[in-house]
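Scroll down for the structure; my scribbles are underneath it.
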Amino acid sequence: MDVILFFVFAIIAVVCAINVVVQTHPISSAISLVGVMGSLAVLYLLLGAEFLAAAQVIVYAGAIMVLFVFVIMLLNAGTEKKEGKSLVVQLLGVPLLVAFLGIVAFFVQRVFPTTMVHFGGFTGGGVHEIGMALFGPYLLPFEVTSILILIAILGAIVLARKEMD
Amino acid sequence: MLAEVPMSYFLTLSAILFALGVAGFLFRRSVITVFMSIELMLNAVNLSFVTFSYHHGGATHQGIEGHLFAFFVMVVAAAEAAVGLAIILTIFKNRQTLNIDDIESMKN
(Lines give C-alpha, C1' and ligand atoms only; values in the text may rest on other atoms or scores of the structure.)
Protein backbone atom coordinates (compact mmCIF):
# COMPACT_ATOMS: atom_id res chain seq x y z
CA MET A 1 0.00 0.00 0.00
CA ASP A 2 2.81 2.40 0.84
CA VAL A 3 4.54 1.61 -2.43
CA ILE A 4 1.36 2.27 -4.42
CA LEU A 5 0.76 5.57 -2.62
CA PHE A 6 4.36 6.62 -3.10
CA PHE A 7 4.36 5.91 -6.82
CA VAL A 8 0.97 7.53 -7.44
CA PHE A 9 1.98 10.77 -5.76
CA ALA A 10 5.55 10.72 -7.04
CA ILE A 11 4.25 10.43 -10.60
CA ILE A 12 1.75 13.24 -9.97
CA ALA A 13 4.58 15.40 -8.60
CA VAL A 14 6.91 14.73 -11.53
CA VAL A 15 4.20 15.27 -14.17
CA CYS A 16 3.12 18.53 -12.52
CA ALA A 17 6.77 19.66 -12.25
CA ILE A 18 7.31 18.97 -15.97
CA ASN A 19 4.12 20.92 -16.59
CA VAL A 20 5.49 23.86 -14.58
CA VAL A 21 8.50 24.01 -16.88
CA VAL A 22 6.84 23.45 -20.28
CA GLN A 23 3.61 25.46 -19.94
CA THR A 24 3.82 28.85 -21.59
CA HIS A 25 1.13 30.60 -19.58
CA PRO A 26 2.10 31.57 -16.00
CA ILE A 27 -1.32 30.62 -14.59
CA SER A 28 -0.94 27.05 -15.87
CA SER A 29 2.51 26.87 -14.29
CA ALA A 30 1.15 28.14 -10.97
CA ILE A 31 -1.69 25.58 -10.89
CA SER A 32 0.79 22.81 -11.70
CA LEU A 33 3.04 24.00 -8.89
CA VAL A 34 0.09 23.66 -6.49
CA GLY A 35 -0.18 20.03 -7.67
CA VAL A 36 3.51 19.43 -6.89
CA MET A 37 3.13 20.91 -3.42
CA GLY A 38 0.00 18.91 -2.63
CA SER A 39 1.57 15.60 -3.62
CA LEU A 40 4.71 16.48 -1.66
CA ALA A 41 2.49 17.03 1.39
CA VAL A 42 1.22 13.45 1.02
CA LEU A 43 4.81 12.18 0.82
CA TYR A 44 5.64 14.13 4.00
CA LEU A 45 2.79 12.30 5.73
CA LEU A 46 4.25 9.00 4.51
CA LEU A 47 7.57 10.02 6.09
CA GLY A 48 5.90 10.84 9.40
CA ALA A 49 6.16 14.63 9.13
CA GLU A 50 2.61 15.56 10.05
CA PHE A 51 3.32 19.14 11.04
CA LEU A 52 5.29 19.79 7.87
CA ALA A 53 2.55 18.30 5.70
CA ALA A 54 0.02 20.68 7.24
CA ALA A 55 2.43 23.61 6.94
CA GLN A 56 3.14 22.70 3.33
CA VAL A 57 -0.53 22.88 2.42
CA ILE A 58 -1.22 26.01 4.45
CA VAL A 59 1.91 28.05 3.77
CA TYR A 60 2.99 26.93 0.30
CA ALA A 61 -0.16 25.84 -1.50
CA GLY A 62 -2.25 28.36 0.40
CA ALA A 63 -0.35 31.56 1.05
CA ILE A 64 2.58 31.65 -1.36
CA MET A 65 0.73 30.36 -4.41
CA VAL A 66 -2.19 32.71 -3.80
CA LEU A 67 0.39 35.52 -3.79
CA PHE A 68 1.78 34.25 -7.10
CA VAL A 69 -1.64 33.97 -8.73
CA PHE A 70 -2.53 37.40 -7.37
CA VAL A 71 0.54 38.97 -8.98
CA ILE A 72 -0.03 37.13 -12.28
CA MET A 73 -3.62 38.37 -12.40
CA LEU A 74 -2.59 41.90 -11.34
CA LEU A 75 0.06 42.20 -14.04
CA ASN A 76 -2.14 40.46 -16.62
CA ALA A 77 0.84 38.33 -17.61
CA GLY A 78 0.24 36.74 -20.97
CA THR A 79 1.68 33.80 -22.82
CA GLU A 80 5.43 33.69 -23.07
CA LYS A 81 6.87 34.29 -26.51
CA LYS A 82 8.44 31.27 -28.15
CA GLU A 83 11.99 31.89 -29.17
CA GLY A 84 14.37 29.69 -31.08
CA LYS A 85 16.61 27.74 -28.77
CA SER A 86 20.03 26.79 -30.02
CA LEU A 87 20.52 23.45 -31.71
CA VAL A 88 22.84 22.23 -28.96
CA VAL A 89 20.16 22.79 -26.33
CA GLN A 90 17.48 21.04 -28.40
CA LEU A 91 19.65 18.00 -29.10
CA LEU A 92 21.55 17.61 -25.85
CA GLY A 93 19.32 19.09 -23.15
CA VAL A 94 16.98 16.20 -22.38
CA PRO A 95 19.58 13.40 -22.80
CA LEU A 96 22.03 15.21 -20.52
CA LEU A 97 19.29 15.74 -17.92
CA VAL A 98 18.34 12.06 -18.01
CA ALA A 99 21.98 10.98 -17.81
CA PHE A 100 22.63 13.27 -14.84
CA LEU A 101 19.57 11.96 -13.02
CA GLY A 102 20.59 8.38 -13.79
CA ILE A 103 24.00 8.96 -12.22
CA VAL A 104 22.40 10.57 -9.17
CA ALA A 105 19.93 7.68 -8.81
CA PHE A 106 22.76 5.14 -9.12
CA PHE A 107 24.85 6.72 -6.37
CA VAL A 108 21.83 7.21 -4.12
CA GLN A 109 20.98 3.52 -4.50
CA ARG A 110 24.55 2.60 -3.64
CA VAL A 111 24.88 4.83 -0.60
CA PHE A 112 21.48 4.24 1.03
CA PRO A 113 20.60 0.65 0.23
CA THR A 114 19.01 -0.49 3.45
CA THR A 115 16.73 2.11 5.00
CA MET A 116 13.11 1.28 4.20
CA VAL A 117 10.35 3.82 4.66
CA HIS A 118 6.96 2.69 5.87
CA PHE A 119 4.02 4.66 7.21
CA GLY A 120 4.26 4.95 10.99
CA GLY A 121 7.98 4.27 11.08
CA PHE A 122 8.73 7.79 12.27
CA THR A 123 6.53 9.20 15.00
CA GLY A 124 8.44 12.29 16.09
CA GLY A 125 7.03 14.76 13.57
CA GLY A 126 3.89 15.93 15.30
CA VAL A 127 3.12 19.43 16.54
CA HIS A 128 4.20 18.60 20.10
CA GLU A 129 7.69 17.40 19.19
CA ILE A 130 8.27 20.23 16.71
CA GLY A 131 7.13 22.78 19.26
CA MET A 132 9.32 21.37 22.02
CA ALA A 133 12.37 21.48 19.75
CA LEU A 134 11.53 24.89 18.29
CA PHE A 135 11.07 26.62 21.64
CA GLY A 136 13.83 24.64 23.36
CA PRO A 137 17.21 24.18 21.71
CA TYR A 138 16.24 26.07 18.54
CA LEU A 139 14.85 29.20 20.16
CA LEU A 140 17.55 31.53 18.79
CA PRO A 141 17.03 30.56 15.10
CA PHE A 142 13.29 30.95 15.64
CA GLU A 143 13.71 34.49 16.96
CA VAL A 144 16.15 35.37 14.16
CA THR A 145 13.47 34.16 11.73
CA SER A 146 11.01 36.64 13.17
CA ILE A 147 13.49 39.46 12.54
CA LEU A 148 13.94 38.19 8.98
CA ILE A 149 10.19 38.32 8.40
CA LEU A 150 10.05 41.84 9.85
CA ILE A 151 12.76 42.96 7.42
CA ALA A 152 10.93 41.26 4.54
CA ILE A 153 7.70 43.08 5.41
CA LEU A 154 9.52 46.42 5.49
CA GLY A 155 11.29 45.66 2.20
CA ALA A 156 8.08 44.67 0.46
CA ILE A 157 6.32 47.83 1.64
CA VAL A 158 9.21 50.08 0.57
CA LEU A 159 9.47 48.40 -2.84
CA ALA A 160 5.76 48.44 -3.51
CA ARG A 161 5.11 52.10 -2.67
CA LYS A 162 8.30 53.60 -4.11
CA GLU A 163 7.28 55.09 -7.44
CA MET A 164 3.55 55.24 -6.94
CA ASP A 165 3.64 59.04 -7.08
CA MET B 1 7.73 -6.02 0.45
CA LEU B 2 4.85 -3.97 -0.87
CA ALA B 3 4.55 -2.15 2.44
CA GLU B 4 7.96 -0.47 2.40
CA VAL B 5 9.51 2.08 0.08
CA PRO B 6 13.31 2.34 -0.16
CA MET B 7 14.60 5.66 1.06
CA SER B 8 16.59 6.11 -2.15
CA TYR B 9 13.32 6.49 -4.10
CA PHE B 10 12.51 9.61 -2.11
CA LEU B 11 15.98 11.04 -2.71
CA THR B 12 15.74 10.27 -6.43
CA LEU B 13 12.36 11.99 -6.61
CA SER B 14 13.92 14.97 -4.87
CA ALA B 15 16.74 15.03 -7.43
CA ILE B 16 14.26 14.85 -10.32
CA LEU B 17 12.23 17.77 -8.95
CA PHE B 18 15.38 19.80 -8.31
CA ALA B 19 16.67 19.18 -11.84
CA LEU B 20 13.32 20.23 -13.30
CA GLY B 21 13.50 23.39 -11.20
CA VAL B 22 16.98 24.13 -12.52
CA ALA B 23 15.77 23.54 -16.09
CA GLY B 24 12.86 25.93 -15.61
CA PHE B 25 15.14 28.50 -13.99
CA LEU B 26 17.56 28.41 -16.92
CA PHE B 27 15.23 28.07 -19.90
CA ARG B 28 12.16 30.12 -19.11
CA ARG B 29 11.93 33.77 -20.08
CA SER B 30 9.05 34.98 -17.91
CA VAL B 31 10.35 36.29 -14.61
CA ILE B 32 7.33 34.91 -12.71
CA THR B 33 7.96 31.39 -14.01
CA VAL B 34 11.64 31.66 -13.10
CA PHE B 35 10.51 32.56 -9.60
CA MET B 36 8.18 29.55 -9.48
CA SER B 37 11.09 27.32 -10.52
CA ILE B 38 13.00 28.55 -7.47
CA GLU B 39 10.07 27.51 -5.29
CA LEU B 40 10.15 24.09 -6.97
CA MET B 41 13.83 23.70 -6.08
CA LEU B 42 13.17 24.68 -2.46
CA ASN B 43 10.42 22.05 -2.27
CA ALA B 44 12.76 19.38 -3.62
CA VAL B 45 15.37 20.22 -0.99
CA ASN B 46 12.69 20.07 1.71
CA LEU B 47 11.81 16.53 0.64
CA SER B 48 15.48 15.55 1.03
CA PHE B 49 15.60 17.09 4.51
CA VAL B 50 12.54 15.17 5.68
CA THR B 51 13.83 11.92 4.16
CA PHE B 52 17.18 12.22 5.94
CA SER B 53 15.33 13.05 9.14
CA TYR B 54 13.51 9.72 8.79
CA HIS B 55 16.82 7.98 8.11
CA HIS B 56 18.53 9.33 11.22
CA GLY B 57 15.55 9.33 13.53
CA GLY B 58 13.64 6.12 13.09
CA ALA B 59 11.53 5.49 16.15
CA THR B 60 13.97 7.09 18.57
CA HIS B 61 12.48 10.63 18.41
CA GLN B 62 15.95 12.04 17.75
CA GLY B 63 15.84 12.94 14.08
CA ILE B 64 13.74 16.08 14.30
CA GLU B 65 16.41 18.45 12.95
CA GLY B 66 15.51 17.81 9.33
CA HIS B 67 11.93 18.83 10.02
CA LEU B 68 13.10 22.05 11.66
CA PHE B 69 15.37 22.86 8.72
CA ALA B 70 12.48 22.26 6.33
CA PHE B 71 10.31 24.54 8.48
CA PHE B 72 12.91 27.32 8.34
CA VAL B 73 13.22 26.84 4.57
CA MET B 74 9.46 27.35 4.32
CA VAL B 75 9.66 30.56 6.36
CA VAL B 76 12.51 31.92 4.25
CA ALA B 77 10.64 30.97 1.07
CA ALA B 78 7.60 32.91 2.26
CA ALA B 79 9.70 36.01 3.01
CA GLU B 80 11.50 35.62 -0.32
CA ALA B 81 8.22 35.33 -2.23
CA ALA B 82 6.90 38.53 -0.65
CA VAL B 83 10.02 40.57 -1.45
CA GLY B 84 10.54 39.01 -4.88
CA LEU B 85 6.99 39.62 -6.02
CA ALA B 86 7.26 43.21 -4.82
CA ILE B 87 10.40 43.56 -6.96
CA ILE B 88 8.53 42.04 -9.94
CA LEU B 89 5.69 44.54 -9.44
CA THR B 90 8.16 47.44 -9.37
CA ILE B 91 9.95 46.20 -12.50
CA PHE B 92 6.65 45.86 -14.34
CA LYS B 93 5.54 49.34 -13.32
CA ASN B 94 8.79 50.85 -14.55
CA ARG B 95 9.37 48.83 -17.72
CA GLN B 96 6.02 47.26 -18.73
CA THR B 97 7.67 43.90 -19.42
CA LEU B 98 8.13 40.57 -17.67
CA ASN B 99 10.68 39.16 -20.10
CA ILE B 100 14.03 38.77 -18.36
CA ASP B 101 15.86 39.33 -21.63
CA ASP B 102 14.55 42.90 -21.66
CA ILE B 103 15.70 43.64 -18.11
CA GLU B 104 19.38 44.19 -18.56
CA SER B 105 20.27 47.46 -16.87
CA MET B 106 22.78 45.69 -14.60
CA LYS B 107 24.60 44.25 -17.61
CA ASN B 108 28.07 45.73 -18.34
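By convention here, the chains of the C-alpha coordinates are called A, B, ... in the order presented, each chain's residues are numbered starting at 1, and ligands are numbered starting at 1 in the order presented.
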
Pull the closest atom pair for each residue of chain A that gets at most 7 Å from chain B, along with the distance in Å to one decimal, counting only C-alpha atoms, ordering rows by chain and then ascending residue number, as JSON lines.
```
{"residue": "A:Met1", "atom": "CA", "partner": "B:Ala3", "partner_atom": "CA", "distance": 5.6}
{"residue": "A:Asp2", "atom": "CA", "partner": "B:Ala3", "partner_atom": "CA", "distance": 5.1}
{"residue": "A:Val3", "atom": "CA", "partner": "B:Val5", "partner_atom": "CA", "distance": 5.6}
{"residue": "A:Ala10", "atom": "CA", "partner": "B:Leu13", "partner_atom": "CA", "distance": 6.9}
{"residue": "A:Val14", "atom": "CA", "partner": "B:Leu17", "partner_atom": "CA", "distance": 6.7}
{"residue": "A:Ala17", "atom": "CA", "partner": "B:Leu20", "partner_atom": "CA", "distance": 6.7}
{"residue": "A:Ile18", "atom": "CA", "partner": "B:Leu20", "partner_atom": "CA", "distance": 6.7}
{"residue": "A:Val21", "atom": "CA", "partner": "B:Gly24", "partner_atom": "CA", "distance": 4.9}
{"residue": "A:Pro26", "atom": "CA", "partner": "B:Thr33", "partner_atom": "CA", "distance": 6.2}
{"residue": "A:Leu47", "atom": "CA", "partner": "B:Tyr54", "partner_atom": "CA", "distance": 6.5}
{"residue": "A:Leu52", "atom": "CA", "partner": "B:Phe71", "partner_atom": "CA", "distance": 6.9}
{"residue": "A:Ile64", "atom": "CA", "partner": "B:Ala78", "partner_atom": "CA", "distance": 6.3}
{"residue": "A:Glu80", "atom": "CA", "partner": "B:Ser30", "partner_atom": "CA", "distance": 6.4}
{"residue": "A:Leu101", "atom": "CA", "partner": "B:Ile16", "partner_atom": "CA", "distance": 6.6}
{"residue": "A:Ala105", "atom": "CA", "partner": "B:Thr12", "partner_atom": "CA", "distance": 5.5}
{"residue": "A:Val108", "atom": "CA", "partner": "B:Ser8", "partner_atom": "CA", "distance": 5.7}
{"residue": "A:Gln109", "atom": "CA", "partner": "B:Ser8", "partner_atom": "CA", "distance": 5.6}
{"residue": "A:Phe112", "atom": "CA", "partner": "B:Ser8", "partner_atom": "CA", "distance": 6.1}
{"residue": "A:Thr115", "atom": "CA", "partner": "B:Met7", "partner_atom": "CA", "distance": 5.7}
{"residue": "A:Met116", "atom": "CA", "partner": "B:Pro6", "partner_atom": "CA", "distance": 4.5}
{"residue": "A:Val117", "atom": "CA", "partner": "B:Val5", "partner_atom": "CA", "distance": 5.0}
{"residue": "A:His118", "atom": "CA", "partner": "B:Glu4", "partner_atom": "CA", "distance": 4.8}
{"residue": "A:Gly121", "atom": "CA", "partner": "B:Gly58", "partner_atom": "CA", "distance": 6.3}
{"residue": "A:Phe122", "atom": "CA", "partner": "B:Gly58", "partner_atom": "CA", "distance": 5.2}
{"residue": "A:Thr123", "atom": "CA", "partner": "B:Ala59", "partner_atom": "CA", "distance": 6.3}
{"residue": "A:Gly124", "atom": "CA", "partner": "B:His61", "partner_atom": "CA", "distance": 4.9}
{"residue": "A:Gly125", "atom": "CA", "partner": "B:Ile64", "partner_atom": "CA", "distance": 6.9}
{"residue": "A:Ile149", "atom": "CA", "partner": "B:Ala79", "partner_atom": "CA", "distance": 5.9}
{"residue": "A:Ala152", "atom": "CA", "partner": "B:Ala79", "partner_atom": "CA", "distance": 5.6}
{"residue": "A:Gly155", "atom": "CA", "partner": "B:Val83", "partner_atom": "CA", "distance": 6.4}
{"residue": "A:Ala156", "atom": "CA", "partner": "B:Val83", "partner_atom": "CA", "distance": 4.9}
{"residue": "A:Leu159", "atom": "CA", "partner": "B:Ala86", "partner_atom": "CA", "distance": 6.0}
{"residue": "A:Ala160", "atom": "CA", "partner": "B:Ala86", "partner_atom": "CA", "distance": 5.6}
```

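Per DSSP on the backbone, helix (DSSP H, G or I) in segment 45-77 of chain A comprises Leu45, Leu46, Glu50, Phe51, Leu52, Ala53, Ala54, Ala55, Gln56, Val57, Ile58, Val59, Tyr60, Ala61, Gly62, Ala63, Ile64, Met65, Val66, Leu67, Phe68, Val69, Phe70, Val71, Ile72, Met73, Leu74 and Leu75 of chain A.
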